[in-house]
Amino acid sequence: MAYPQRWHRDLLVQATLDPAVSRIAPVPAEAQLHAPFTIFVWFGGKRRLLIAVRDQADVHSASSQPDSLVVTRSFVLQEPRCSVAREIWATRNVIVPPGDRIRILRELSEHAEGLPLGRLMDCVRGRETDPVEVVLALICAGQAAIEARSHLSLDTTIRPSAVLAGAMQWSGAPLVRPTSER
């Protein structure tokens, strides 16, 4: 999916890592708004128009669209959420050996409340890849989830993805707010 600015890529990454988002699709060119970046996202089976605006001054005009969600550049770039999402996304092409995947997912299935990253690293037996990257790659694959409230550490809690629907709404603030709630 094409994006005009780097922070739009960050938005796409964050939405991709959010277990509450089931699908992301481009808005057809003929339906594009004057906003710099719009996409469709599906939350709970419902399609919403996501409008990315540069600053707070643009929120009001963008929020006039029915059933839309508006997010600002400053929200997308908020730390540590932005850096953590980038760190996780950097592992998206890591090949996770089947045995490591099964051991990690078994551990997570037995601990719905999640486990520290350091403990899940112990499940990795392969020597070819960094154990941290193996665990983070499972997040990219949608098989595990993380709340990015602080920077990654050995104590960062990783949970089964089904448990954390909406987890990438990092730090309790919604990623975007529906216009009907304004």
# chains A, B, ... in the order shown; residues from 1 in each chain; ligands from 1
>>> residues_around(residues="Ser161 in chain A", least_positions_apart="3", cutoff="12 Å", atoms="only C-alpha atoms", output="PDB file with all heavy atoms, in the first residue's frame")
ATOM      1  N   LEU A  17      -0.347  -4.219  13.652  1.00  0.00           N
ATOM      2  CA  LEU A  17      -0.011  -4.935  14.881  1.00  0.00           C
ATOM      3  C   LEU A  17      -1.160  -4.961  15.890  1.00  0.00           C
ATOM      4  O   LEU A  17      -1.090  -5.692  16.875  1.00  0.00           O
ATOM      5  CB  LEU A  17       1.230  -4.311  15.525  1.00  0.00           C
ATOM      6  CG  LEU A  17       2.524  -4.436  14.716  1.00  0.00           C
ATOM      7  CD1 LEU A  17       3.648  -3.666  15.400  1.00  0.00           C
ATOM      8  CD2 LEU A  17       2.897  -5.894  14.496  1.00  0.00           C
ATOM      9  N   ASP A  18      -2.196  -4.196  15.656  1.00  0.00           N
ATOM     10  CA  ASP A  18      -3.335  -4.142  16.578  1.00  0.00           C
ATOM     11  C   ASP A  18      -4.251  -5.337  16.330  1.00  0.00           C
ATOM     12  O   ASP A  18      -4.850  -5.449  15.260  1.00  0.00           O
ATOM     13  CB  ASP A  18      -4.099  -2.841  16.360  1.00  0.00           C
ATOM     14  CG  ASP A  18      -5.192  -2.623  17.390  1.00  0.00           C
ATOM     15  OD1 ASP A  18      -5.664  -3.608  18.001  1.00  0.00           O
ATOM     16  OD2 ASP A  18      -5.565  -1.464  17.597  1.00  0.00           O
ATOM     17  N   PRO A  19      -4.389  -6.243  17.304  1.00  0.00           N
ATOM     18  CA  PRO A  19      -5.253  -7.406  17.109  1.00  0.00           C
ATOM     19  C   PRO A  19      -6.721  -7.047  16.890  1.00  0.00           C
ATOM     20  O   PRO A  19      -7.474  -7.852  16.376  1.00  0.00           O
ATOM     21  CB  PRO A  19      -5.094  -8.214  18.400  1.00  0.00           C
ATOM     22  CG  PRO A  19      -3.923  -7.670  19.096  1.00  0.00           C
ATOM     23  CD  PRO A  19      -3.708  -6.279  18.602  1.00  0.00           C
ATOM     24  N   ALA A  20      -7.132  -5.840  17.263  1.00  0.00           N
ATOM     25  CA  ALA A  20      -8.518  -5.423  17.052  1.00  0.00           C
ATOM     26  C   ALA A  20      -8.792  -5.081  15.596  1.00  0.00           C
ATOM     27  O   ALA A  20      -9.945  -5.046  15.177  1.00  0.00           O
ATOM     28  CB  ALA A  20      -8.854  -4.220  17.927  1.00  0.00           C
ATOM     29  N   VAL A  21      -7.755  -4.826  14.820  1.00  0.00           N
ATOM     30  CA  VAL A  21      -7.916  -4.505  13.405  1.00  0.00           C
ATOM     31  C   VAL A  21      -7.820  -5.805  12.613  1.00  0.00           C
ATOM     32  O   VAL A  21      -6.785  -6.447  12.594  1.00  0.00           O
ATOM     33  CB  VAL A  21      -6.841  -3.497  12.933  1.00  0.00           C
ATOM     34  CG1 VAL A  21      -6.941  -3.258  11.435  1.00  0.00           C
ATOM     35  CG2 VAL A  21      -6.958  -2.185  13.704  1.00  0.00           C
ATOM     36  N   SER A  22      -8.918  -6.164  11.971  1.00  0.00           N
ATOM     37  CA  SER A  22      -8.928  -7.433  11.239  1.00  0.00           C
ATOM     38  C   SER A  22      -8.521  -7.283   9.780  1.00  0.00           C
ATOM     39  O   SER A  22      -8.133  -8.257   9.142  1.00  0.00           O
ATOM     40  CB  SER A  22     -10.313  -8.078  11.317  1.00  0.00           C
ATOM     41  OG  SER A  22     -11.291  -7.226  10.758  1.00  0.00           O
ATOM     42  N   LEU A 105       3.850 -20.776  21.561  1.00  0.00           N
ATOM     43  CA  LEU A 105       2.389 -20.720  21.583  1.00  0.00           C
ATOM     44  C   LEU A 105       1.796 -21.621  22.665  1.00  0.00           C
ATOM     45  O   LEU A 105       0.773 -21.275  23.266  1.00  0.00           O
ATOM     46  CB  LEU A 105       1.821 -21.056  20.200  1.00  0.00           C
ATOM     47  CG  LEU A 105       2.161 -20.055  19.098  1.00  0.00           C
ATOM     48  CD1 LEU A 105       1.603 -20.529  17.751  1.00  0.00           C
ATOM     49  CD2 LEU A 105       1.673 -18.654  19.436  1.00  0.00           C
ATOM     50  N   LEU A 108       2.135 -19.686  25.875  1.00  0.00           N
ATOM     51  CA  LEU A 108       1.137 -18.621  25.922  1.00  0.00           C
ATOM     52  C   LEU A 108      -0.271 -19.161  26.154  1.00  0.00           C
ATOM     53  O   LEU A 108      -1.060 -18.551  26.878  1.00  0.00           O
ATOM     54  CB  LEU A 108       1.180 -17.793  24.637  1.00  0.00           C
ATOM     55  CG  LEU A 108       2.388 -16.881  24.476  1.00  0.00           C
ATOM     56  CD1 LEU A 108       2.395 -16.241  23.085  1.00  0.00           C
ATOM     57  CD2 LEU A 108       2.417 -15.811  25.561  1.00  0.00           C
ATOM     58  N   SER A 109      -0.592 -20.312  25.564  1.00  0.00           N
ATOM     59  CA  SER A 109      -1.927 -20.887  25.743  1.00  0.00           C
ATOM     60  C   SER A 109      -2.171 -21.315  27.184  1.00  0.00           C
ATOM     61  O   SER A 109      -3.301 -21.330  27.651  1.00  0.00           O
ATOM     62  CB  SER A 109      -2.151 -22.061  24.791  1.00  0.00           C
ATOM     63  OG  SER A 109      -1.391 -23.188  25.186  1.00  0.00           O
ATOM     64  N   HIS A 111      -0.944 -19.643  29.731  1.00  0.00           N
ATOM     65  CA  HIS A 111      -0.866 -18.433  30.560  1.00  0.00           C
ATOM     66  C   HIS A 111      -1.581 -17.288  29.845  1.00  0.00           C
ATOM     67  O   HIS A 111      -0.944 -16.424  29.244  1.00  0.00           O
ATOM     68  CB  HIS A 111       0.593 -18.062  30.832  1.00  0.00           C
ATOM     69  CG  HIS A 111       1.341 -19.104  31.574  1.00  0.00           C
ATOM     70  ND1 HIS A 111       2.012 -20.127  30.935  1.00  0.00           N
ATOM     71  CD2 HIS A 111       1.500 -19.305  32.901  1.00  0.00           C
ATOM     72  CE1 HIS A 111       2.563 -20.915  31.836  1.00  0.00           C
ATOM     73  NE2 HIS A 111       2.265 -20.443  33.038  1.00  0.00           N
ATOM     74  N   ALA A 112      -2.912 -17.292  29.914  1.00  0.00           N
ATOM     75  CA  ALA A 112      -3.701 -16.276  29.212  1.00  0.00           C
ATOM     76  C   ALA A 112      -3.343 -14.860  29.647  1.00  0.00           C
ATOM     77  O   ALA A 112      -3.504 -13.918  28.877  1.00  0.00           O
ATOM     78  CB  ALA A 112      -5.190 -16.525  29.433  1.00  0.00           C
ATOM     79  N   GLU A 113      -2.838 -14.719  30.874  1.00  0.00           N
ATOM     80  CA  GLU A 113      -2.441 -13.391  31.364  1.00  0.00           C
ATOM     81  C   GLU A 113      -1.133 -12.931  30.752  1.00  0.00           C
ATOM     82  O   GLU A 113      -0.736 -11.786  30.911  1.00  0.00           O
ATOM     83  CB  GLU A 113      -2.331 -13.389  32.900  1.00  0.00           C
ATOM     84  CG  GLU A 113      -1.140 -14.149  33.465  1.00  0.00           C
ATOM     85  CD  GLU A 113      -1.243 -15.683  33.454  1.00  0.00           C
ATOM     86  OE1 GLU A 113      -2.288 -16.229  33.047  1.00  0.00           O
ATOM     87  OE2 GLU A 113      -0.260 -16.323  33.868  1.00  0.00           O
ATOM     88  N   GLY A 114      -0.484 -13.829  30.031  1.00  0.00           N
ATOM     89  CA  GLY A 114       0.758 -13.502  29.352  1.00  0.00           C
ATOM     90  C   GLY A 114       1.990 -13.898  30.125  1.00  0.00           C
ATOM     91  O   GLY A 114       1.913 -14.309  31.290  1.00  0.00           O
ATOM     92  N   LEU A 138       6.378 -13.465  15.996  1.00  0.00           N
ATOM     93  CA  LEU A 138       5.047 -14.039  16.226  1.00  0.00           C
ATOM     94  C   LEU A 138       4.003 -12.939  16.410  1.00  0.00           C
ATOM     95  O   LEU A 138       2.835 -13.117  16.069  1.00  0.00           O
ATOM     96  CB  LEU A 138       5.061 -14.973  17.438  1.00  0.00           C
ATOM     97  CG  LEU A 138       5.849 -16.265  17.246  1.00  0.00           C
ATOM     98  CD1 LEU A 138       5.828 -17.094  18.525  1.00  0.00           C
ATOM     99  CD2 LEU A 138       5.315 -17.065  16.080  1.00  0.00           C
ATOM    100  N   ILE A 139       4.418 -11.799  16.941  1.00  0.00           N
ATOM    101  CA  ILE A 139       3.510 -10.660  17.053  1.00  0.00           C
ATOM    102  C   ILE A 139       3.179 -10.150  15.652  1.00  0.00           C
ATOM    103  O   ILE A 139       2.018  -9.888  15.339  1.00  0.00           O
ATOM    104  CB  ILE A 139       4.120  -9.552  17.938  1.00  0.00           C
ATOM    105  CG1 ILE A 139       4.300 -10.076  19.373  1.00  0.00           C
ATOM    106  CG2 ILE A 139       3.252  -8.290  17.916  1.00  0.00           C
ATOM    107  CD1 ILE A 139       5.115  -9.163  20.266  1.00  0.00           C
ATOM    108  N   CYS A 140       4.184 -10.027  14.806  1.00  0.00           N
ATOM    109  CA  CYS A 140       3.952  -9.592  13.415  1.00  0.00           C
ATOM    110  C   CYS A 140       3.011 -10.549  12.693  1.00  0.00           C
ATOM    111  O   CYS A 140       2.205 -10.131  11.863  1.00  0.00           O
ATOM    112  CB  CYS A 140       5.268  -9.499  12.652  1.00  0.00           C
ATOM    113  SG  CYS A 140       6.323  -8.164  13.200  1.00  0.00           S
ATOM    114  N   ALA A 141       3.114 -11.829  13.010  1.00  0.00           N
ATOM    115  CA  ALA A 141       2.275 -12.840  12.367  1.00  0.00           C
ATOM    116  C   ALA A 141       0.865 -12.885  12.957  1.00  0.00           C
ATOM    117  O   ALA A 141       0.019 -13.653  12.487  1.00  0.00           O
ATOM    118  CB  ALA A 141       2.941 -14.211  12.498  1.00  0.00           C
ATOM    119  N   GLY A 142       0.619 -12.091  13.995  1.00  0.00           N
ATOM    120  CA  GLY A 142      -0.703 -12.063  14.617  1.00  0.00           C
ATOM    121  C   GLY A 142      -0.952 -13.207  15.574  1.00  0.00           C
ATOM    122  O   GLY A 142      -2.087 -13.445  15.990  1.00  0.00           O
ATOM    123  N   GLN A 143       0.095 -13.938  15.962  1.00  0.00           N
ATOM    124  CA  GLN A 143      -0.070 -15.078  16.850  1.00  0.00           C
ATOM    125  C   GLN A 143       0.189 -14.741  18.310  1.00  0.00           C
ATOM    126  O   GLN A 143      -0.029 -15.571  19.191  1.00  0.00           O
ATOM    127  CB  GLN A 143       0.847 -16.213  16.403  1.00  0.00           C
ATOM    128  CG  GLN A 143       0.437 -16.730  15.039  1.00  0.00           C
ATOM    129  CD  GLN A 143       1.308 -17.876  14.602  1.00  0.00           C
ATOM    130  OE1 GLN A 143       2.525 -17.785  14.599  1.00  0.00           O
ATOM    131  NE2 GLN A 143       0.667 -18.958  14.214  1.00  0.00           N
ATOM    132  N   ALA A 144       0.656 -13.552  18.567  1.00  0.00           N
ATOM    133  CA  ALA A 144       0.875 -13.066  19.925  1.00  0.00           C
ATOM    134  C   ALA A 144       0.630 -11.570  19.896  1.00  0.00           C
ATOM    135  O   ALA A 144       0.543 -10.964  18.825  1.00  0.00           O
ATOM    136  CB  ALA A 144       2.301 -13.386  20.390  1.00  0.00           C
ATOM    137  N   ALA A 145       0.477 -10.982  21.077  1.00  0.00           N
ATOM    138  CA  ALA A 145       0.194  -9.548  21.143  1.00  0.00           C
ATOM    139  C   ALA A 145       0.972  -8.928  22.294  1.00  0.00           C
ATOM    140  O   ALA A 145       1.411  -9.616  23.218  1.00  0.00           O
ATOM    141  CB  ALA A 145      -1.302  -9.316  21.328  1.00  0.00           C
ATOM    142  N   ILE A 146       1.117  -7.612  22.212  1.00  0.00           N
ATOM    143  CA  ILE A 146       1.890  -6.871  23.198  1.00  0.00           C
ATOM    144  C   ILE A 146       1.204  -5.539  23.459  1.00  0.00           C
ATOM    145  O   ILE A 146       0.571  -4.981  22.568  1.00  0.00           O
ATOM    146  CB  ILE A 146       3.327  -6.649  22.677  1.00  0.00           C
ATOM    147  CG1 ILE A 146       4.199  -5.993  23.730  1.00  0.00           C
ATOM    148  CG2 ILE A 146       3.318  -5.858  21.397  1.00  0.00           C
ATOM    149  CD1 ILE A 146       5.665  -5.892  23.308  1.00  0.00           C
ATOM    150  N   GLU A 147       1.318  -5.061  24.669  1.00  0.00           N
ATOM    151  CA  GLU A 147       0.883  -3.710  24.993  1.00  0.00           C
ATOM    152  C   GLU A 147       2.151  -2.873  25.041  1.00  0.00           C
ATOM    153  O   GLU A 147       3.023  -3.129  25.858  1.00  0.00           O
ATOM    154  CB  GLU A 147       0.174  -3.670  26.336  1.00  0.00           C
ATOM    155  CG  GLU A 147      -1.186  -4.349  26.306  1.00  0.00           C
ATOM    156  CD  GLU A 147      -1.910  -4.216  27.621  1.00  0.00           C
ATOM    157  OE1 GLU A 147      -2.258  -3.094  27.997  1.00  0.00           O
ATOM    158  OE2 GLU A 147      -2.103  -5.249  28.251  1.00  0.00           O
ATOM    159  N   THR A 157       5.377  -7.917  28.837  1.00  0.00           N
ATOM    160  CA  THR A 157       4.420  -9.020  28.794  1.00  0.00           C
ATOM    161  C   THR A 157       3.928  -9.261  27.371  1.00  0.00           C
ATOM    162  O   THR A 157       3.487  -8.346  26.687  1.00  0.00           O
ATOM    163  CB  THR A 157       3.216  -8.726  29.713  1.00  0.00           C
ATOM    164  OG1 THR A 157       3.697  -8.523  31.044  1.00  0.00           O
ATOM    165  CG2 THR A 157       2.218  -9.870  29.706  1.00  0.00           C
ATOM    166  N   ILE A 158       4.018 -10.517  26.965  1.00  0.00           N
ATOM    167  CA  ILE A 158       3.512 -10.979  25.671  1.00  0.00           C
ATOM    168  C   ILE A 158       2.321 -11.877  25.986  1.00  0.00           C
ATOM    169  O   ILE A 158       2.402 -12.725  26.870  1.00  0.00           O
ATOM    170  CB  ILE A 158       4.581 -11.784  24.892  1.00  0.00           C
ATOM    171  CG1 ILE A 158       5.922 -11.047  24.827  1.00  0.00           C
ATOM    172  CG2 ILE A 158       4.061 -12.172  23.506  1.00  0.00           C
ATOM    173  CD1 ILE A 158       5.925  -9.780  24.035  1.00  0.00           C
ATOM    174  N   LEU A 164      -5.685 -10.046  23.783  1.00  0.00           N
ATOM    175  CA  LEU A 164      -5.423  -8.617  23.726  1.00  0.00           C
ATOM    176  C   LEU A 164      -6.095  -7.913  22.563  1.00  0.00           C
ATOM    177  O   LEU A 164      -5.498  -7.047  21.951  1.00  0.00           O
ATOM    178  CB  LEU A 164      -3.910  -8.364  23.638  1.00  0.00           C
ATOM    179  CG  LEU A 164      -3.186  -8.357  24.948  1.00  0.00           C
ATOM    180  CD1 LEU A 164      -1.715  -8.043  24.716  1.00  0.00           C
ATOM    181  CD2 LEU A 164      -3.762  -7.358  25.907  1.00  0.00           C
ATOM    182  N   ALA A 165      -7.309  -8.239  22.279  1.00  0.00           N
ATOM    183  CA  ALA A 165      -7.988  -7.515  21.194  1.00  0.00           C
ATOM    184  C   ALA A 165      -7.958  -6.033  21.524  1.00  0.00           C
ATOM    185  O   ALA A 165      -8.393  -5.621  22.576  1.00  0.00           O
ATOM    186  CB  ALA A 165      -9.413  -8.016  21.036  1.00  0.00           C
ATOM    187  N   GLY A 166      -7.390  -5.262  20.658  1.00  0.00           N
ATOM    188  CA  GLY A 166      -7.265  -3.826  20.882  1.00  0.00           C
ATOM    189  C   GLY A 166      -6.000  -3.437  21.604  1.00  0.00           C
ATOM    190  O   GLY A 166      -5.847  -2.299  22.039  1.00  0.00           O
ATOM    191  N   ALA A 167      -5.033  -4.352  21.728  1.00  0.00           N
ATOM    192  CA  ALA A 167      -3.827  -4.078  22.501  1.00  0.00           C
ATOM    193  C   ALA A 167      -2.977  -2.961  21.932  1.00  0.00           C
ATOM    194  O   ALA A 167      -2.318  -2.259  22.674  1.00  0.00           O
ATOM    195  CB  ALA A 167      -2.973  -5.338  22.597  1.00  0.00           C
ATOM    196  N   MET A 168      -2.984  -2.784  20.644  1.00  0.00           N
ATOM    197  CA  MET A 168      -2.140  -1.742  20.085  1.00  0.00           C
ATOM    198  C   MET A 168      -2.821  -0.387  20.166  1.00  0.00           C
ATOM    199  O   MET A 168      -2.473   0.541  19.480  1.00  0.00           O
ATOM    200  CB  MET A 168      -1.731  -2.088  18.659  1.00  0.00           C
ATOM    201  CG  MET A 168      -0.791  -3.284  18.606  1.00  0.00           C
ATOM    202  SD  MET A 168       0.647  -3.167  19.667  1.00  0.00           S
ATOM    203  CE  MET A 168       1.752  -2.291  18.612  1.00  0.00           C
TER     204      MET A 168
END
>>> residues_around(residues="range 71-74 of chain A", least_positions_apart="2", cutoff="6 Å", atoms="only C-alpha atoms", output="ChimeraX atom specification")
/A:52-55,76-77,176
>>> closest_residue(among="A:Gly126, A:Met1, A:Leu152, A:Ile104", to="Pro28 in chain A", atoms="only C-alpha atoms")
A:Met1
>>> select_by_dssp(residues="range 51-109 of chain A", states="alpha helix (DSSP H)", output="MDAnalysis selection string")
chainID A and resid 59:62 73:76 81:89 98:109
>>> closest_residue(among="A:Leu120, A:Leu115, A:Cys82, A:Ala15", to="Arg159 in chain A", atoms="only C-alpha atoms")
A:Leu115
>>> closest_residue(among="A:Ala2, A:Val132, A:Ile24, A:Leu50", to="Glu87 in chain A", atoms="only C-alpha atoms")
A:Val132
>>> select_by_dssp(residues="range 1-113 of chain A", states="strand (DSSP E or B)", output="MDAnalysis selection string")
chainID A and resid 21:26 37:43 46:53 68:72
>>> closest_residue(among="A:Ala90, A:Ala29, A:Leu49, A:Gln56", to="Phe75 in chain A", atoms="only C-alpha atoms")
A:Gln56
>>> closest_residue(among="A:Val96, A:Val13, A:Ala85, A:Val41", to="Arg125 in chain A", atoms="only C-alpha atoms")
A:Val96
>>> atom_distance(atom1="CA of Tyr3 in chain A", atom2="CA of Arg23 in chain A")
16.8 Å
